[in-house]
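For reference, coords_37.tsv is printed below; it contains TSV, C-alpha atoms.
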```
chain	number	residue	atom	x	y	z
A	1	MET	CA	-15.10	3.53	12.01
A	2	PRO	CA	-14.24	2.38	8.46
A	3	SER	CA	-10.58	2.10	7.55
A	4	VAL	CA	-9.16	2.36	4.03
A	5	LEU	CA	-5.58	1.61	3.03
A	6	PHE	CA	-4.35	2.89	-0.36
A	7	VAL	CA	-1.44	0.92	-1.81
A	8	CYS	CA	0.95	1.53	-4.69
A	9	THR	CA	4.54	0.48	-5.31
A	10	ALA	CA	6.80	2.89	-3.40
A	11	ASN	CA	4.20	4.91	-1.41
A	12	MET	CA	5.66	8.10	-2.84
A	13	CYS	CA	3.27	9.05	-5.69
A	14	ARG	CA	-0.12	7.41	-6.25
A	15	SER	CA	-1.08	6.08	-2.81
A	16	PRO	CA	-0.12	9.26	-0.90
A	17	LEU	CA	-2.09	11.29	-3.46
A	18	ALA	CA	-5.05	8.92	-3.09
A	19	GLU	CA	-4.83	9.23	0.70
A	20	VAL	CA	-4.98	13.05	0.76
A	21	LEU	CA	-7.51	13.23	-2.09
A	22	PHE	CA	-9.79	10.77	-0.30
A	23	ARG	CA	-9.48	12.65	2.99
A	24	ASP	CA	-10.46	15.81	1.11
A	25	LEU	CA	-13.42	14.07	-0.54
A	26	LEU	CA	-14.58	12.84	2.86
A	27	ARG	CA	-14.21	16.35	4.30
A	28	ARG	CA	-16.24	17.86	1.44
A	29	ASN	CA	-18.96	15.26	2.10
A	30	GLY	CA	-19.00	15.82	5.86
A	31	LEU	CA	-17.56	12.36	6.59
A	32	GLN	CA	-13.96	13.03	7.62
A	33	GLY	CA	-14.40	12.24	11.32
A	34	ASP	CA	-15.84	8.83	10.53
A	35	TRP	CA	-12.84	7.33	8.70
A	36	ARG	CA	-9.26	6.13	9.14
A	37	VAL	CA	-7.30	6.65	5.91
A	38	HIS	CA	-3.71	5.48	5.35
A	39	SER	CA	-1.34	4.59	2.53
A	40	ALA	CA	1.55	2.18	2.07
A	41	GLY	CA	3.57	0.49	-0.65
A	42	VAL	CA	4.51	-3.01	-1.73
A	43	GLY	CA	8.09	-2.08	-2.70
A	44	VAL	CA	8.97	0.65	-0.25
A	45	VAL	CA	12.22	2.09	0.94
A	46	HIS	CA	10.88	3.09	4.37
A	47	GLY	CA	11.03	6.74	5.34
A	48	GLN	CA	11.08	8.48	1.95
A	49	PRO	CA	9.07	11.66	1.33
A	50	ALA	CA	6.41	11.92	-1.33
A	51	THR	CA	7.93	12.92	-4.64
A	52	GLU	CA	8.36	16.61	-5.33
A	53	PHE	CA	5.69	16.56	-8.04
A	54	SER	CA	3.25	14.69	-5.77
A	55	ARG	CA	3.75	17.32	-3.09
A	56	GLN	CA	3.32	20.10	-5.66
A	57	VAL	CA	0.16	18.63	-7.20
A	58	ALA	CA	-1.33	18.16	-3.72
A	59	ALA	CA	-0.41	21.73	-2.73
A	60	ASP	CA	-1.99	23.07	-5.93
A	61	ARG	CA	-5.24	21.49	-4.67
A	62	GLY	CA	-4.86	22.92	-1.17
A	63	LEU	CA	-3.66	19.59	0.26
A	64	ASP	CA	-0.48	18.86	2.21
A	65	LEU	CA	1.90	15.96	1.58
A	66	SER	CA	4.92	17.71	3.11
A	67	SER	CA	5.06	15.40	6.14
A	68	HIS	CA	4.35	12.15	4.25
A	69	ILE	CA	6.85	9.36	4.93
A	70	SER	CA	6.72	6.16	2.88
A	71	LYS	CA	5.70	3.00	4.71
A	72	PRO	CA	5.65	-0.63	3.62
A	73	VAL	CA	2.49	-2.69	3.74
A	74	ASP	CA	2.69	-5.03	6.71
A	75	ARG	CA	0.49	-7.51	8.52
A	76	ALA	CA	-0.78	-4.90	10.99
A	77	SER	CA	-1.80	-2.41	8.29
A	78	MET	CA	-3.57	-5.15	6.33
A	79	GLN	CA	-5.43	-6.42	9.40
A	80	ALA	CA	-6.47	-2.89	10.41
A	81	ALA	CA	-7.89	-2.03	6.98
A	82	ASP	CA	-11.53	-2.74	6.21
A	83	LEU	CA	-10.77	-2.02	2.56
A	84	VAL	CA	-7.46	-2.04	0.66
A	85	LEU	CA	-7.45	-0.13	-2.62
A	86	VAL	CA	-4.54	-0.75	-4.97
A	87	MET	CA	-3.43	1.00	-8.13
A	88	ASP	CA	-2.80	-1.98	-10.42
A	89	SER	CA	-3.34	-5.72	-10.71
A	90	GLY	CA	0.27	-6.47	-9.71
A	91	HIS	CA	-0.32	-4.84	-6.33
A	92	ARG	CA	-3.57	-6.75	-5.91
A	93	GLN	CA	-1.91	-10.08	-6.72
A	94	ALA	CA	1.06	-9.42	-4.43
A	95	LEU	CA	-1.16	-8.50	-1.46
A	96	ARG	CA	-3.60	-11.35	-1.98
A	97	GLU	CA	-0.70	-13.82	-2.04
A	98	ALA	CA	1.15	-12.29	0.92
A	99	TYR	CA	-1.98	-11.78	3.04
A	100	PRO	CA	-4.52	-14.43	1.99
A	101	GLN	CA	-6.63	-13.77	5.11
A	102	SER	CA	-7.25	-10.24	3.75
A	103	ALA	CA	-7.61	-11.16	0.07
A	104	ASP	CA	-11.33	-10.42	-0.08
A	105	ARG	CA	-10.69	-6.82	1.05
A	106	VAL	CA	-8.14	-6.02	-1.69
A	107	HIS	CA	-9.54	-4.29	-4.79
A	108	LEU	CA	-8.37	-2.10	-7.63
A	109	LEU	CA	-9.24	1.55	-7.01
A	110	SER	CA	-10.74	1.68	-10.51
A	111	GLU	CA	-13.19	-1.10	-9.61
A	112	MET	CA	-14.86	1.26	-7.15
A	113	ALA	CA	-16.01	3.32	-10.15
A	114	GLY	CA	-17.05	0.31	-12.23
A	115	GLU	CA	-13.83	0.12	-14.24
A	116	GLY	CA	-10.96	-2.33	-14.12
A	117	GLY	CA	-7.79	-0.68	-15.36
A	118	PRO	CA	-4.73	0.55	-13.52
A	119	VAL	CA	-3.89	4.00	-12.25
A	120	GLU	CA	-0.63	4.49	-14.14
A	121	ASP	CA	2.51	5.38	-12.18
A	122	PRO	CA	3.70	8.93	-13.01
A	123	VAL	CA	7.12	8.48	-11.39
A	124	GLY	CA	9.92	9.87	-13.52
A	125	SER	CA	7.58	11.84	-15.75
A	126	THR	CA	6.34	15.41	-15.99
A	127	ILE	CA	4.28	17.43	-13.55
A	128	GLU	CA	1.47	17.28	-16.12
A	129	LYS	CA	1.44	13.47	-15.83
A	130	TYR	CA	1.16	13.83	-12.04
A	131	ARG	CA	-1.75	16.23	-12.52
A	132	LEU	CA	-3.47	13.74	-14.82
A	133	THR	CA	-2.86	10.98	-12.26
A	134	ALA	CA	-4.37	13.11	-9.49
A	135	ASP	CA	-7.34	13.91	-11.76
A	136	ARG	CA	-7.88	10.20	-12.45
A	137	ILE	CA	-7.65	9.29	-8.76
A	138	THR	CA	-10.08	12.09	-7.87
A	139	ASP	CA	-12.52	10.92	-10.53
A	140	LEU	CA	-12.35	7.28	-9.39
A	141	LEU	CA	-12.77	8.23	-5.74
A	142	THR	CA	-15.69	10.55	-6.46
A	143	ARG	CA	-17.55	8.09	-8.67
A	144	GLY	CA	-16.67	5.20	-6.37
A	145	LEU	CA	-17.45	6.83	-3.02
A	146	ASP	CA	-20.69	4.92	-2.44
A	147	ARG	CA	-19.05	1.58	-3.22
A	148	ILE	CA	-16.05	2.45	-1.04
A	149	ARG	CA	-18.41	3.30	1.81
A	150	ASP	CA	-20.33	0.04	1.35
A	151	LEU	CA	-17.24	-2.18	1.19
A	152	ALA	CA	-15.44	-0.44	4.06
A	153	ALA	CA	-18.50	-0.68	6.29
A	154	ARG	CA	-19.13	-4.37	5.57
A	155	PRO	CA	-16.49	-5.88	7.90
A	156	ALA	CA	-17.70	-3.72	10.79
A	157	ALA	CA	-21.28	-4.83	10.16
A	158	GLN	CA	-20.21	-8.49	10.05
A	159	GLU	CA	-18.57	-8.11	13.45
A	160	GLY	CA	-21.80	-6.90	14.99
A	161	HIS	CA	-21.10	-3.18	14.76
A	162	GLU	CA	-23.31	-0.72	12.98
A	163	PRO	CA	-21.73	0.78	9.84
A	164	ASN	CA	-21.06	4.51	9.97
A	165	ASP	CA	-23.43	5.76	7.29
```
Could you render the structure from this file as structure tokens?
Amino acid sequence: MPSVLFVCTANMCRSPLAEVLFRDLLRRNGLQGDWRVHSAGVGVVHGQPATEFSRQVAADRGLDLSSHISKPVDRASMQAADLVLVMDSGHRQALREAYPQSADRVHLLSEMAGEGGPVEDPVGSTIEKYRLTADRITDLLTRGLDRIRDLAARPAAQEGHEPND
């Protein structure tokens, strides 16, 4: 069962949105039962809810972030993830340095769609900026789904398990 960990700074805006948007994408593609999907942050105050605008943008799309609680990235979450998708190069660098044994599994979310730029942090801005952020994440996930599936399945295949395709 492939496992994806989405990471941003505080685990209150981008990574929780990516988590619920990816779960929804998997559901729409008939894949939801085959995946473990989580989110965390590199600079987290543990136990915070998703921001009000993140919850609202998710709800506008029929998704629920009301029970989300921020969590820090830790050794266990990094080891459990077949693929770690981060929002910007600072997150990638921090995780690769802190968890060198997992460095090859840490990628920018935008790389999944053949790009290389960040997903900008909407914190402190308008609801419209949150909507644009959710749109960008949705676009990257949709265009990058095949690559995400390939990369997340690879560690399982290397351990002698069949990938869940």
Counting all atoms listed in the file, the option among A:Pro2, A:Gly90, A:Gly117, A:Gly62 closest to Val42 (chain A)
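Closest to Val42 (chain A), using all atoms listed in the file: A:Gly90.
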Please identify all polymer residues within 7 Å of region 28-40 of chain A, counting only C-alpha atoms, omitting same-chain residues fewer than 3 positions from it, and present them as a PDB file with C-alpha atoms, in the coordinates of the input.
```pdb
ATOM      1  CA  MET A   1     -15.100   3.530  12.010  1.00  0.00           C
ATOM      2  CA  PRO A   2     -14.240   2.380   8.460  1.00  0.00           C
ATOM      3  CA  SER A   3     -10.580   2.100   7.550  1.00  0.00           C
ATOM      4  CA  VAL A   4      -9.160   2.360   4.030  1.00  0.00           C
ATOM      5  CA  LEU A   5      -5.580   1.610   3.030  1.00  0.00           C
ATOM      6  CA  PHE A   6      -4.350   2.890  -0.360  1.00  0.00           C
ATOM      7  CA  VAL A   7      -1.440   0.920  -1.810  1.00  0.00           C
ATOM      8  CA  CYS A   8       0.950   1.530  -4.690  1.00  0.00           C
ATOM      9  CA  ASN A  11       4.200   4.910  -1.410  1.00  0.00           C
ATOM     10  CA  SER A  15      -1.080   6.080  -2.810  1.00  0.00           C
ATOM     11  CA  PRO A  16      -0.120   9.260  -0.900  1.00  0.00           C
ATOM     12  CA  GLU A  19      -4.830   9.230   0.700  1.00  0.00           C
ATOM     13  CA  ARG A  23      -9.480  12.650   2.990  1.00  0.00           C
ATOM     14  CA  ASP A  24     -10.460  15.810   1.110  1.00  0.00           C
ATOM     15  CA  LEU A  25     -13.420  14.070  -0.540  1.00  0.00           C
ATOM     16  CA  SER A  70       6.720   6.160   2.880  1.00  0.00           C
ATOM     17  CA  LYS A  71       5.700   3.000   4.710  1.00  0.00           C
ATOM     18  CA  PRO A  72       5.650  -0.630   3.620  1.00  0.00           C
ATOM     19  CA  VAL A  73       2.490  -2.690   3.740  1.00  0.00           C
ATOM     20  CA  ASN A 164     -21.060   4.510   9.970  1.00  0.00           C
TER      21      ASN A 164
END
```
Could you jot down the CA of Ala58 (chain A) to CA of Thr126 (chain A) separation for me, Å, one decimal place?
->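 Between CA of Ala58 (chain A) and CA of Thr126 (chain A) the gap is 14.7 Å.
Restricting the calculation to all atoms listed in the file, the smallest distance between Arg61 (chain A) and any of A:Val84, A:Leu95, A:Leu17, A:Val106 is found for A:Leu17.
With CA of Glu128 (chain A) on one side and CA of Asp60 (chain A) on the other, the separation reads 12.2 Å.
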CA of Arg143 (chain A) to CA of Phe22 (chain A) measures 11.7 Å
Quiz prompt | Expected answer as a list in words: all residues with atoms within 8 Å of (5.3, 11.8, -6.0), only C-alpha atoms | solution = Met12, Cys13, Arg14, Pro16, Leu17, Ala50, Thr51, Glu52, Phe53, Ser54, Arg55, Pro122, Val123 and Tyr130 of chain A
| query | Need the neighbours of (-9.8, 5.8, -12.9): which residues are at most 6 Å away, counting all atoms listed in the file, as a ChimeraX atom specification? | reply | /A:110,136-137,140
Counting all atoms listed in the file, closest pick from A:Val44, A:Val57, A:Ala81, A:Ala76 relative to Ala152 (chain A) is A:Ala81
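Using only C-alpha atoms for every distance, the candidate list A:Ile69, A:Ala134, A:Leu83, A:Leu145 yields A:Leu83 as the residue closest to Leu108 (chain A).
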